[in-house]
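A.B. asks: One structure follows; several queries about it will come next.
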Number of protein chains: 2
Amino acid sequence: MRIGALSQRTGVSERALRYYEEQGLLSPLRRPSGYREYTDEHVHTVRSIRTLLAAGLGTATIADVLPCMVEEGGQLAAACPDLLVDLARERDRITAAMNELRAAREMLDAIIAAPVPPEAAGTLDCDEAVGTAFGAPPVPSP
Amino acid sequence: MRIGALSQRTGVSERALRYYEEQGLLSPLRRPSGYREYTDEHVHTVRSIRTLLAAGLGTATIADVLPCMVEEGGQLAAACPDLLVDLARERDRITAAMNELRAAREMLDAIIAAPVPPEAAGTLDCDEAVGTAFGAPPVPSP
DNA sequence: GTTGACTCTGACATCGACGTGAGGGTTTAG
DNA sequence: CTAAACCCTCACGTCGATGTCAGAGTCAAC
């Protein structure tokens with residue numbers, strides 16, 4: 001199939017698919033005309049790429065791990081010990097990111113739940129004209 | 001105090017402090033020379049900004065909510081109902097981001113824990129020469 | 001063969017919170 | 001008074017995964 005069909009089947013833009021190839025993540029055959037020719041296998045590869053991108057891995061890392069991936073019933077599996085180290089590191093990174101988000105959310109929750117001190121209740125600029133409290137509007141009139 | 005002192009007291013770079021002002025988050029007085037003059041209050045404001053930034057809010061959102069914030073014993077509180085709506089929306093956004101990360105981490109965990117199919121054990125390019133499995137090197141010789 | 005849909009390769013634009021450096025005034029300690 | 005330290009305003013650079021546009025070639029149906 002050509003790039004448009006792959007784009008439709010994966011929901012990934014053609015631009016992104018070309019970008020993946022540029023980054024060494026995807027290597028379609030080429031017709032004599034230069035058109036990219038993809039196989040059904042590439043559909044799975046693209047899904048793997050999206051999965052890893054969603055996991056927060058960069059294309060460079062994905063380029064490292066992708067050759068070591070093998071599909072098993074829709075499930076990616078790591079075929080190399082070195083890869084496991086990388087994946088574990090990424091996993092830790094994700095965990096750390098989650099902890100940061102959790103802390104941030106708790107902060108927000110605390111703000112939301114905090115009682116408003118009575119002496120400040122009427123002194124604040126709570127109108128819909130937000131942002132004018134500083135004197136200079138962030139968006140000047142066009 | 002001047003910007004260097006505020007930077008030291010908050011641990012925020014001078015560049016960032018000027019950026020916050022540019023975004024309407026901070027409005028120090030100006031000396032005749034043009035030097036910014038900050039008060040102790042600004043120290044708290046900067047802390048609030050960092051808190052909200054750490055929570056994943058953008059400067060535009062912070063510019064909206066900051067005029068409605070009040071400090072109470074080191075704890076930020078929302079003084080406007082409208083603000084609560086915004087904060088709740090941000091909270092939901094953070095929760096969604098956490099869920100994405102959780103899903104991504106579970107995928108990584110599954111990959112890590114997945115058994116390596118025997119028939120694929122020796123067929124993959126697990127050497128340090130990564131990226132050559134596709135036939136075309138991502139960086140062509142110049 | 002012709003039209004219209006599809007594809008190609010560049011290459012510049014985007015977003016966000018700053019980093020960094022140039023070129024030039026200001027403050028302050030000695 | 002002078003030198004060092006501090007501060008000012010531009011303004012461009014960063015990172016990463018795309019969006020978008022231009023100009024040109026290709027494929028499929030009629």
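Chain labels A, B, ... are given in the sequence in which chains occur in the structure tokens; within each chain residues are numbered consecutively from 1, and ligands are likewise numbered from 1 in the order shown.
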Applying 8 Å and only C-alpha atoms (C1' of nucleotides), which residues near A:Val43 remain after dropping the ones on its own chain fewer than 4 positions away? List them as a ChimeraX atom specification.
C.D. replies: /A:6,9-10,39,47
A.B. asks: Per residue of chain B within 12 Å of chain C, which atom pair is closest and at what distance in Å (one decimal), using only C-alpha atoms (C1' of nucleotides), listed by chain and increasing number, as a tab-separated table?
C.D. replies:
```
residue	atom	partner	partner_atom	distance
B:Arg2	CA	C:DT27	C1'	11.3
B:Val12	CA	C:DC18	C1'	10.8
B:Ser13	CA	C:DC18	C1'	9.1
B:Glu14	CA	C:DC18	C1'	10.2
B:Arg15	CA	C:DC18	C1'	7.1
B:Ala16	CA	C:DC18	C1'	6.2
B:Leu17	CA	C:DC18	C1'	9.9
B:Arg18	CA	C:DC18	C1'	10.2
B:Tyr19	CA	C:DC18	C1'	7.8
B:Tyr20	CA	C:DA17	C1'	9.6
B:Glu22	CA	C:DA17	C1'	11.9
B:Gln23	CA	C:DA17	C1'	10.9
B:Arg31	CA	C:DT26	C1'	10.6
B:Pro32	CA	C:DT26	C1'	10.3
B:Ser33	CA	C:DT26	C1'	7.0
B:Gly34	CA	C:DT26	C1'	9.3
B:Tyr35	CA	C:DT26	C1'	8.5
B:Arg50	CA	C:DA17	C1'	11.7
B:Leu53	CA	C:DA17	C1'	9.8
B:Ala54	CA	C:DA17	C1'	11.8
B:Gly56	CA	C:DG16	C1'	11.4
B:Leu57	CA	C:DG16	C1'	11.1
B:Gly58	CA	C:DG16	C1'	8.1
B:Thr59	CA	C:DA17	C1'	8.9
B:Ala60	CA	C:DG16	C1'	10.7
```
A.B. asks: Give me the residues of chain D that have any atom at most 12 Å from an atom of chain B; for each, the nearest atom pair and the distance in Å, rounded to one decimal. Use only C-alpha atoms (C1' of nucleotides), sort by chain and number, and format it as a Markdown table.
C.D. replies:
```
| residue | atom | partner | partner_atom | distance |
| --- | --- | --- | --- | --- |
| D:DA5 | C1' | B:Gly4 | CA | 11.0 |
| D:DC6 | C1' | B:Gly4 | CA | 8.0 |
| D:DC7 | C1' | B:Tyr35 | CA | 6.3 |
| D:DC8 | C1' | B:Gly34 | CA | 6.9 |
| D:DT9 | C1' | B:Gly34 | CA | 10.2 |
```
A.B. asks: Interatomic distance between atom C1' of D:DT14 and atom CA of A:Arg93?
C.D. replies: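 One can read the atom C1' of D:DT14 to atom CA of A:Arg93 distance as 21.9 Å.
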A.B. asks: So how many Å separate atom CA of B:Gln8 and atom CA of B:Leu26, to one decimal?
C.D. replies: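 So the answer is 16.5 Å.
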A.B. asks: For chain A, which residue out of B:Val85, B:Met1, B:Val65, B:Ala55 is the nearest one, using only C-alpha atoms?
C.D. replies: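 Of all the options, B:Ala55 lies closest to chain A.
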A.B. asks: What is the atom CA of B:Met98 to atom CA of A:Met98 distance in Å?
C.D. replies: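 Spanning atom CA of B:Met98 to atom CA of A:Met98 is a straight-line distance of 5.9 Å.
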A.B. asks: For chain B, which residue out of A:Asp86, A:Glu37, A:Ala96, A:Arg91 is the nearest one, using only C-alpha atoms?
C.D. replies: A:Arg91
